[in-house]
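**Student:** Sharing final32.csv (CSV, C-alpha atoms) below.
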chain,number,residue,atom,x,y,z
A,1,MET,CA,103.0,82.4,117.1
A,2,LYS,CA,104.4,85.7,115.8
A,3,ASN,CA,104.2,84.6,112.2
A,4,LEU,CA,100.7,83.3,112.7
A,5,GLU,CA,99.6,86.7,114.2
A,6,LYS,CA,101.1,88.6,111.2
A,7,LEU,CA,99.5,86.2,108.7
A,8,MET,CA,96.1,86.5,110.4
A,9,ILE,CA,96.0,90.3,110.8
A,10,SER,CA,97.2,90.6,107.2
A,11,GLU,CA,94.4,88.3,106.1
A,12,ILE,CA,91.8,90.3,108.1
A,13,LYS,CA,93.1,93.5,106.6
A,14,GLU,CA,92.9,92.2,103.1
A,15,THR,CA,89.3,91.0,103.8
A,16,ILE,CA,88.4,94.5,105.0
A,17,ILE,CA,89.8,96.0,101.8
A,18,GLU,CA,87.8,93.4,99.7
A,19,PHE,CA,84.7,94.4,101.7
A,20,LEU,CA,85.2,98.1,100.9
A,21,GLU,CA,85.8,97.3,97.2
A,22,TYR,CA,82.6,95.2,97.2
A,23,SER,CA,80.6,98.0,98.9
A,24,LYS,CA,82.0,100.5,96.4
A,25,LYS,CA,80.5,98.5,93.5
A,26,ILE,CA,77.0,98.8,95.0
A,27,GLU,CA,77.7,102.5,95.8
A,28,PHE,CA,77.7,101.9,99.5
A,29,SER,CA,73.9,101.5,99.5
A,30,ASN,CA,74.2,99.2,102.5
A,31,ILE,CA,76.3,101.6,104.5
A,32,TYR,CA,74.5,104.7,105.8
A,33,ASN,CA,76.0,105.3,109.2
A,34,GLU,CA,78.8,104.0,111.5
A,35,PHE,CA,76.7,101.2,112.9
A,36,SER,CA,75.8,99.9,109.5
A,37,LEU,CA,79.5,99.9,108.5
A,38,GLN,CA,80.3,97.9,111.7
A,39,HIS,CA,77.4,95.5,111.2
A,40,GLU,CA,78.0,94.8,107.4
A,41,LEU,CA,81.8,94.5,107.9
A,42,GLY,CA,81.3,92.1,110.8
A,43,ILE,CA,79.0,89.9,108.8
A,44,TYR,CA,81.5,89.9,105.9
A,45,LEU,CA,84.3,88.9,108.2
A,46,ARG,CA,82.3,86.2,109.9
A,47,ARG,CA,81.4,84.7,106.6
A,48,TYR,CA,85.0,84.8,105.4
A,49,LEU,CA,86.4,83.2,108.5
A,50,LYS,CA,83.7,80.5,108.6
A,51,ASP,CA,84.4,79.6,104.9
A,52,ASN,CA,88.2,79.4,105.5
A,53,TYR,CA,88.5,78.3,109.2
A,54,LYS,CA,85.2,76.6,109.9
A,55,ASP,CA,84.2,77.5,113.4
A,56,ASN,CA,87.6,78.2,114.8
A,57,TYR,CA,87.0,82.0,115.2
A,58,LYS,CA,84.2,84.1,116.6
A,59,VAL,CA,83.3,87.5,115.4
A,60,GLU,CA,81.4,89.7,117.9
A,61,PHE,CA,80.3,93.3,118.2
A,62,GLU,CA,80.7,95.7,121.1
A,63,ARG,CA,82.3,93.1,123.3
A,64,ASN,CA,83.2,94.5,126.7
A,65,ILE,CA,86.9,94.3,127.6
A,66,ASN,CA,86.0,92.5,130.8
A,67,PHE,CA,85.4,89.4,128.8
A,68,PHE,CA,89.1,89.3,127.8
A,69,ILE,CA,91.0,91.3,130.4
A,70,THR,CA,90.6,90.5,134.1
A,71,ASP,CA,93.8,91.5,136.0
A,72,VAL,CA,94.3,95.2,135.2
A,73,ASP,CA,92.7,98.5,136.1
A,74,LYS,CA,90.2,98.8,133.2
A,75,LYS,CA,89.3,102.4,134.3
A,76,LYS,CA,92.4,103.5,132.6
A,77,PHE,CA,91.3,102.3,129.2
A,78,GLU,CA,90.0,104.8,126.6
A,79,LYS,CA,86.9,102.7,126.0
A,80,LYS,CA,85.1,99.7,127.4
A,81,GLU,CA,83.6,98.0,124.3
A,82,ILE,CA,85.4,96.8,121.2
A,83,ASP,CA,83.7,97.6,117.9
A,84,ILE,CA,84.5,94.2,116.3
A,85,VAL,CA,86.5,91.5,118.0
A,86,ILE,CA,87.7,88.3,116.4
A,87,TYR,CA,89.0,85.6,118.7
A,88,SER,CA,89.7,81.9,118.8
A,89,LYS,CA,87.6,79.7,121.1
A,90,ASP,CA,90.5,79.2,123.5
A,91,GLN,CA,91.2,83.0,123.3
A,92,LYS,CA,94.9,82.4,122.5
A,93,GLU,CA,94.3,84.6,119.4
A,94,LYS,CA,92.5,87.9,119.8
A,95,TYR,CA,92.1,90.7,117.2
A,96,ALA,CA,90.3,94.0,117.7
A,97,ILE,CA,89.0,96.4,115.1
A,98,GLU,CA,87.9,99.9,115.8
A,99,ILE,CA,85.7,101.7,113.2
A,100,LYS,CA,84.9,105.3,112.5
A,101,HIS,CA,82.6,106.6,109.8
A,102,PRO,CA,81.8,110.3,110.6
A,103,LEU,CA,79.0,112.0,108.7
A,104,ASN,CA,78.4,115.3,110.5
A,105,GLY,CA,81.6,117.3,110.1
A,106,GLN,CA,83.2,118.2,113.5
A,107,TYR,CA,86.6,117.7,111.9
A,108,PRO,CA,89.0,118.4,114.8
A,109,GLU,CA,86.8,116.5,117.3
A,110,GLN,CA,86.4,113.5,115.0
A,111,MET,CA,90.1,113.5,114.3
A,112,PHE,CA,90.8,113.4,118.0
A,113,SER,CA,88.3,110.5,118.2
A,114,PHE,CA,90.3,108.6,115.6
A,115,ILE,CA,93.4,109.1,117.7
A,116,LYS,CA,91.5,107.9,120.8
A,117,ASP,CA,90.8,104.7,119.0
A,118,LEU,CA,94.5,104.2,118.3
A,119,LYS,CA,95.2,104.7,122.0
A,120,PHE,CA,92.6,102.2,122.9
A,121,LEU,CA,94.0,99.7,120.4
A,122,GLU,CA,97.5,100.2,121.9
A,123,GLU,CA,96.0,99.4,125.3
A,124,LEU,CA,94.5,96.2,124.1
A,125,LYS,CA,97.7,95.2,122.4
A,126,ASP,CA,99.5,95.8,125.7
A,127,ASN,CA,96.9,93.5,127.4
A,128,SER,CA,97.0,90.2,125.6
A,129,PHE,CA,95.6,91.1,122.2
A,130,ASN,CA,97.6,89.7,119.3
A,131,SER,CA,97.0,92.5,116.9
A,132,THR,CA,94.6,95.4,116.3
A,133,LEU,CA,93.3,97.5,113.4
A,134,SER,CA,91.8,101.0,113.0
A,135,LEU,CA,89.5,101.6,110.1
A,136,VAL,CA,88.3,105.1,109.2
A,137,LEU,CA,86.0,105.7,106.2
A,138,VAL,CA,85.0,109.2,105.2
A,139,LYS,CA,83.2,111.0,102.4
A,140,ASP,CA,83.7,114.6,103.4
A,141,LYS,CA,87.0,115.8,101.8
A,142,LEU,CA,87.7,118.2,104.7
A,143,PHE,CA,89.0,115.2,106.7
A,144,TYR,CA,91.9,114.7,104.3
A,145,GLU,CA,92.3,118.2,102.7
A,146,GLY,CA,91.7,121.8,103.5
A,147,LYS,CA,93.3,125.2,104.4
A,148,LYS,CA,94.2,124.3,108.0
A,149,VAL,CA,97.3,122.2,108.1
A,150,GLU,CA,98.5,122.8,111.6
A,151,GLY,CA,97.7,121.2,114.9
A,152,ILE,CA,95.7,118.0,114.7
A,153,TYR,CA,94.9,118.6,111.0
A,154,GLN,CA,98.5,118.0,110.0
A,155,PHE,CA,98.3,114.3,110.8
A,156,PHE,CA,95.3,113.8,108.5
A,157,ARG,CA,95.9,116.3,105.7
A,158,CYS,CA,99.7,116.4,105.4
A,159,ASN,CA,101.0,112.9,106.2
A,160,LYS,CA,102.8,114.2,109.3
A,161,ILE,CA,103.9,111.4,111.6
A,162,LEU,CA,101.3,110.9,114.4
A,163,LYS,CA,103.1,110.1,117.6
A,164,GLY,CA,103.7,111.2,121.2
A,165,ILE,CA,101.4,113.7,123.0
A,166,ILE,CA,98.3,114.8,121.2
A,167,LYS,CA,96.3,117.6,122.8
A,168,LYS,CA,92.5,117.8,122.6
A,169,PRO,CA,91.9,120.5,119.9
A,170,THR,CA,88.6,121.9,121.2
A,171,GLY,CA,86.8,122.6,124.5
A,172,ASN,CA,87.9,124.0,127.8
A,173,ASP,CA,88.8,120.7,129.4
A,174,LYS,CA,92.4,119.8,129.0
A,175,TYR,CA,92.9,116.3,127.8
A,176,ASP,CA,96.0,114.7,126.2
A,177,ILE,CA,96.5,111.4,124.6
A,178,ILE,CA,100.0,109.8,124.6
A,179,LEU,CA,100.6,107.3,121.8
A,180,LYS,CA,103.4,104.8,122.2
A,181,ASP,CA,103.8,104.0,118.5
A,182,SER,CA,104.1,106.1,115.4
A,183,TYR,CA,101.6,106.2,112.6
A,184,ILE,CA,101.2,107.8,109.1
A,185,ILE,CA,97.8,108.3,107.7
A,186,ASN,CA,97.7,107.2,104.1
A,187,TRP,CA,94.2,107.8,102.6
A,188,ILE,CA,93.1,105.4,100.0
A,189,GLU,CA,90.6,106.6,97.4
A,190,LEU,CA,87.5,104.5,96.6
A,191,GLU,CA,84.8,106.3,94.5
A,192,ASN,CA,82.3,109.1,94.9
A,193,LYS,CA,84.7,111.0,97.2
A,194,TYR,CA,85.0,108.1,99.7
A,195,LYS,CA,88.4,107.6,101.2
A,196,TYR,CA,89.6,105.3,104.0
A,197,TYR,CA,92.7,104.3,105.9
A,198,ILE,CA,93.6,101.2,107.9
A,199,LEU,CA,96.2,101.2,110.6
A,200,ASP,CA,97.6,98.2,112.3
Would you kindly transcribe this structure into C-alpha cells?

**Tutor:**
Amino acid sequence: MKNLEKLMISEIKETIIEFLEYSKKIEFSNIYNEFSLQHELGIYLRRYLKDNYKDNYKVEFERNINFFITDVDKKKFEKKEIDIVIYSKDQKEKYAIEIKHPLNGQYPEQMFSFIKDLKFLEELKDNSFNSTLSLVLVKDKLFYEGKKVEGIYQFFRCNKILKGIIKKPTGNDKYDIILKDSYIINWIELENKYKYYILD
C-alpha cells in the first residue's frame, strides 16, 4: 500500500505541475483569485483521474472532515473543510490538497496561513489520510524576496528549514503552531513573476 500511496501522490503532484504549466501558456487568464485556482485545478485533476482510472476516484471541493474522520475530537483541527480532496470510493485511499493564492499583500499573515495549512495537512495525515499536498501560487515577489529575512520571513525568503514552534507574527493574540515535520520552501518560477511551491 505504501508504494501505491507514493505513486499516486507523485502522480497528483505531476498533474498539478502540468496544470500550472498549461495555465502559464494562456497567461493565467482562467485564474483570477484563490477560488478560481481551486476550481480550475479540481476540474483538471478530475479529468485526468477519469481518463486514467475511470471512475475509481472522486474529486471534491470543500469537503468537511466529518465525512472522513469520525472518532476524534475535530475541534482540535486547524480547519474543517478540505480545499480539494481525492478519494477512492471505498475510502481506503484519501489525498488532500490545500491551496493558497494570495493577491492582497499581508505578507506575514499570509505566510502564517501557509503554515496553518501545513499543520492541517499533518492532522489529516495523522487521521487516516494517505498523503497530502500544499500548493501556494503567488505573483507578488515580496512573498519570496525582500529586505526582511528574520522571523517568519526566513522560511519563505531564505530557504530556512520550517519546523517546530512557529509564532503568529502579528496581532495581540498569542497563537503558536507546532509542526511535526520539517519543510523547505523551494519556489519554482513560472512566468510574469508567478512562482509556486508544492509540499507533500

**Student:** Taking only C-alpha atoms into account, which of A:Lys116, A:Lys89, A:His101, A:Lys94 comes nearest Asn130 of chain A?

**Tutor:**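 Smallest distance to Asn130 of chain A is found for A:Lys94.
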
**Student:** Quick one: residues within 12 Å of Ser36 of chain A, all atoms listed in the file, excluding same-chain residues fewer than 6 positions away - as a list in words?

**Tutor:**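 Result of the neighbour search: Ser23, Phe28, Ser29, Asn30, Gly42, Ile43, Phe61, Asp83, Ile99, Lys100 and His101 of chain A.
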
**Student:** Save out the residues we just selected, C-alpha atoms, as a tab-separated table (two decimals), keeping the file's coordinate frame.

**Tutor:**
chain	number	residue	atom	x	y	z
A	23	SER	CA	80.60	98.00	98.90
A	28	PHE	CA	77.70	101.90	99.50
A	29	SER	CA	73.90	101.50	99.50
A	30	ASN	CA	74.20	99.20	102.50
A	42	GLY	CA	81.30	92.10	110.80
A	43	ILE	CA	79.00	89.90	108.80
A	61	PHE	CA	80.30	93.30	118.20
A	83	ASP	CA	83.70	97.60	117.90
A	99	ILE	CA	85.70	101.70	113.20
A	100	LYS	CA	84.90	105.30	112.50
A	101	HIS	CA	82.60	106.60	109.80

**Student:** What is the atom CA of Lys50 of chain A-atom CA of Gln38 of chain A distance in Å, reported with one decimal?

**Tutor:**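 These atoms are spaced 18.0 Å apart.
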
**Student:** For Ser134 of chain A, which residue out of A:Val85, A:Ile198, A:Ile152, A:Leu7 is the nearest one, using all atoms listed in the file?

**Tutor:** A:Ile198

**Student:** Under the rule that all atoms listed in the file are counted, which of A:Ser10, A:Glu81, A:Ile86, A:Leu20 is the nearest residue to Arg46 of chain A?

**Tutor:**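 For Arg46 of chain A, the nearest of the candidates is A:Ile86.
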
**Student:** Can you work out the spacing between atom CA of Pro102 of chain A and atom CA of Phe143 of chain A in Å, to one decimal?

**Tutor:**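 Going from atom CA of Pro102 of chain A over to atom CA of Phe143 of chain A, I get 9.5 Å.
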
**Student:** In Å, with one decimal, what is the gap from atom CA of Pro108 of chain A to atom CA of Tyr95 of chain A?

**Tutor:**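 Interatomic distance, atom CA of Pro108 of chain A to atom CA of Tyr95 of chain A: 28.0 Å.
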
**Student:** May I ask which of the residues A:Tyr153, A:Phe77, A:Phe19, A:Phe112 is the closest one to Thr170 of chain A, counting all atoms listed in the file?

**Tutor:**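 Ranked by minimum distance to Thr170 of chain A, first place goes to A:Phe112.
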
**Student:** Could you check which of A:Asp71, A:Glu145, A:Glu5, A:Asp90 is closest to Asp200 of chain A, using all atoms listed in the file?

**Tutor:**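 Of all the options, A:Glu5 lies closest to Asp200 of chain A.
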
**Student:** Closest to Asp181 of chain A among A:Gly146, A:Glu109, A:Asp126, A:Asn159, using only C-alpha atoms?

**Tutor:**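 Counting only C-alpha atoms, the residue closest to Asp181 of chain A is A:Asp126.
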
**Student:** Got a minute to add N, CA and C atoms to segment 130-160 of chain A and dump it as a PDB file, in the coordinates of the input?

**Tutor:**
ATOM      1  N   ASN A 130      96.557  90.025 120.284  1.00  0.00           N
ATOM      2  CA  ASN A 130      97.600  89.700 119.300  1.00  0.00           C
ATOM      3  C   ASN A 130      97.911  90.884 118.399  1.00  0.00           C
ATOM      4  N   SER A 131      96.850  91.402 117.799  1.00  0.00           N
ATOM      5  CA  SER A 131      97.000  92.500 116.900  1.00  0.00           C
ATOM      6  C   SER A 131      95.683  93.303 116.834  1.00  0.00           C
ATOM      7  N   THR A 132      95.780  94.536 116.331  1.00  0.00           N
ATOM      8  CA  THR A 132      94.600  95.400 116.300  1.00  0.00           C
ATOM      9  C   THR A 132      94.604  96.218 114.990  1.00  0.00           C
ATOM     10  N   LEU A 133      93.420  96.681 114.593  1.00  0.00           N
ATOM     11  CA  LEU A 133      93.300  97.500 113.400  1.00  0.00           C
ATOM     12  C   LEU A 133      92.339  98.657 113.635  1.00  0.00           C
ATOM     13  N   SER A 134      92.665  99.788 113.014  1.00  0.00           N
ATOM     14  CA  SER A 134      91.800 101.000 113.000  1.00  0.00           C
ATOM     15  C   SER A 134      91.347 101.237 111.598  1.00  0.00           C
ATOM     16  N   LEU A 135      90.028 101.258 111.366  1.00  0.00           N
ATOM     17  CA  LEU A 135      89.500 101.600 110.100  1.00  0.00           C
ATOM     18  C   LEU A 135      88.699 102.875 110.140  1.00  0.00           C
ATOM     19  N   VAL A 136      89.033 103.819 109.275  1.00  0.00           N
ATOM     20  CA  VAL A 136      88.300 105.100 109.200  1.00  0.00           C
ATOM     21  C   VAL A 136      87.854 105.258 107.734  1.00  0.00           C
ATOM     22  N   LEU A 137      86.555 105.448 107.536  1.00  0.00           N
ATOM     23  CA  LEU A 137      86.000 105.700 106.200  1.00  0.00           C
ATOM     24  C   LEU A 137      85.257 107.011 106.229  1.00  0.00           C
ATOM     25  N   VAL A 138      85.618 107.881 105.289  1.00  0.00           N
ATOM     26  CA  VAL A 138      85.000 109.200 105.200  1.00  0.00           C
ATOM     27  C   VAL A 138      84.562 109.524 103.804  1.00  0.00           C
ATOM     28  N   LYS A 139      83.613 110.436 103.720  1.00  0.00           N
ATOM     29  CA  LYS A 139      83.200 111.000 102.400  1.00  0.00           C
ATOM     30  C   LYS A 139      83.484 112.440 102.303  1.00  0.00           C
ATOM     31  N   ASP A 140      83.494 113.137 103.411  1.00  0.00           N
ATOM     32  CA  ASP A 140      83.700 114.600 103.400  1.00  0.00           C
ATOM     33  C   ASP A 140      85.235 114.835 103.235  1.00  0.00           C
ATOM     34  N   LYS A 141      85.578 115.566 102.181  1.00  0.00           N
ATOM     35  CA  LYS A 141      87.000 115.800 101.800  1.00  0.00           C
ATOM     36  C   LYS A 141      87.741 116.608 102.871  1.00  0.00           C
ATOM     37  N   LEU A 142      87.020 117.333 103.730  1.00  0.00           N
ATOM     38  CA  LEU A 142      87.700 118.200 104.700  1.00  0.00           C
ATOM     39  C   LEU A 142      88.402 117.330 105.802  1.00  0.00           C
ATOM     40  N   PHE A 143      88.178 116.035 105.791  1.00  0.00           N
ATOM     41  CA  PHE A 143      89.000 115.200 106.700  1.00  0.00           C
ATOM     42  C   PHE A 143      90.377 114.974 106.152  1.00  0.00           C
ATOM     43  N   TYR A 144      90.535 115.012 104.849  1.00  0.00           N
ATOM     44  CA  TYR A 144      91.900 114.700 104.300  1.00  0.00           C
ATOM     45  C   TYR A 144      92.473 115.884 103.502  1.00  0.00           C
ATOM     46  N   GLU A 145      91.752 116.989 103.316  1.00  0.00           N
ATOM     47  CA  GLU A 145      92.300 118.200 102.700  1.00  0.00           C
ATOM     48  C   GLU A 145      91.613 119.422 103.166  1.00  0.00           C
ATOM     49  N   GLY A 146      92.296 120.568 103.089  1.00  0.00           N
ATOM     50  CA  GLY A 146      91.700 121.800 103.500  1.00  0.00           C
ATOM     51  C   GLY A 146      92.787 122.848 103.832  1.00  0.00           C
ATOM     52  N   LYS A 147      92.350 124.067 104.140  1.00  0.00           N
ATOM     53  CA  LYS A 147      93.300 125.200 104.400  1.00  0.00           C
ATOM     54  C   LYS A 147      94.095 124.974 105.650  1.00  0.00           C
ATOM     55  N   LYS A 148      93.443 124.443 106.678  1.00  0.00           N
ATOM     56  CA  LYS A 148      94.200 124.300 108.000  1.00  0.00           C
ATOM     57  C   LYS A 148      95.073 123.044 107.867  1.00  0.00           C
ATOM     58  N   VAL A 149      96.334 123.276 108.148  1.00  0.00           N
ATOM     59  CA  VAL A 149      97.300 122.200 108.100  1.00  0.00           C
ATOM     60  C   VAL A 149      98.192 122.146 109.333  1.00  0.00           C
ATOM     61  N   GLU A 150      97.767 122.863 110.376  1.00  0.00           N
ATOM     62  CA  GLU A 150      98.500 122.800 111.600  1.00  0.00           C
ATOM     63  C   GLU A 150      97.747 122.076 112.679  1.00  0.00           C
ATOM     64  N   GLY A 151      98.380 121.900 113.830  1.00  0.00           N
ATOM     65  CA  GLY A 151      97.700 121.200 114.900  1.00  0.00           C
ATOM     66  C   GLY A 151      97.304 119.781 114.510  1.00  0.00           C
ATOM     67  N   ILE A 152      96.138 119.371 114.932  1.00  0.00           N
ATOM     68  CA  ILE A 152      95.700 118.000 114.700  1.00  0.00           C
ATOM     69  C   ILE A 152      95.463 117.739 113.186  1.00  0.00           C
ATOM     70  N   TYR A 153      95.194 118.796 112.421  1.00  0.00           N
ATOM     71  CA  TYR A 153      94.900 118.600 111.000  1.00  0.00           C
ATOM     72  C   TYR A 153      96.148 118.071 110.239  1.00  0.00           C
ATOM     73  N   GLN A 154      97.346 118.382 110.703  1.00  0.00           N
ATOM     74  CA  GLN A 154      98.500 118.000 110.000  1.00  0.00           C
ATOM     75  C   GLN A 154      98.681 116.466 109.839  1.00  0.00           C
ATOM     76  N   PHE A 155      98.146 115.729 110.794  1.00  0.00           N
ATOM     77  CA  PHE A 155      98.300 114.300 110.800  1.00  0.00           C
ATOM     78  C   PHE A 155      97.362 113.654 109.691  1.00  0.00           C
ATOM     79  N   PHE A 156      96.250 114.319 109.396  1.00  0.00           N
ATOM     80  CA  PHE A 156      95.300 113.800 108.500  1.00  0.00           C
ATOM     81  C   PHE A 156      95.263 114.432 107.104  1.00  0.00           C
ATOM     82  N   ARG A 157      95.900 115.585 106.999  1.00  0.00           N
ATOM     83  CA  ARG A 157      95.900 116.300 105.700  1.00  0.00           C
ATOM     84  C   ARG A 157      97.332 116.414 105.119  1.00  0.00           C
ATOM     85  N   CYS A 158      98.355 116.147 105.897  1.00  0.00           N
ATOM     86  CA  CYS A 158      99.700 116.400 105.400  1.00  0.00           C
ATOM     87  C   CYS A 158     100.683 115.234 105.637  1.00  0.00           C
ATOM     88  N   ASN A 159     100.182 114.068 106.005  1.00  0.00           N
ATOM     89  CA  ASN A 159     101.000 112.900 106.200  1.00  0.00           C
ATOM     90  C   ASN A 159     102.102 113.091 107.294  1.00  0.00           C
ATOM     91  N   LYS A 160     101.862 114.020 108.214  1.00  0.00           N
ATOM     92  CA  LYS A 160     102.800 114.200 109.300  1.00  0.00           C
ATOM     93  C   LYS A 160     102.721 112.974 110.242  1.00  0.00           C
TER      94      LYS A 160
END
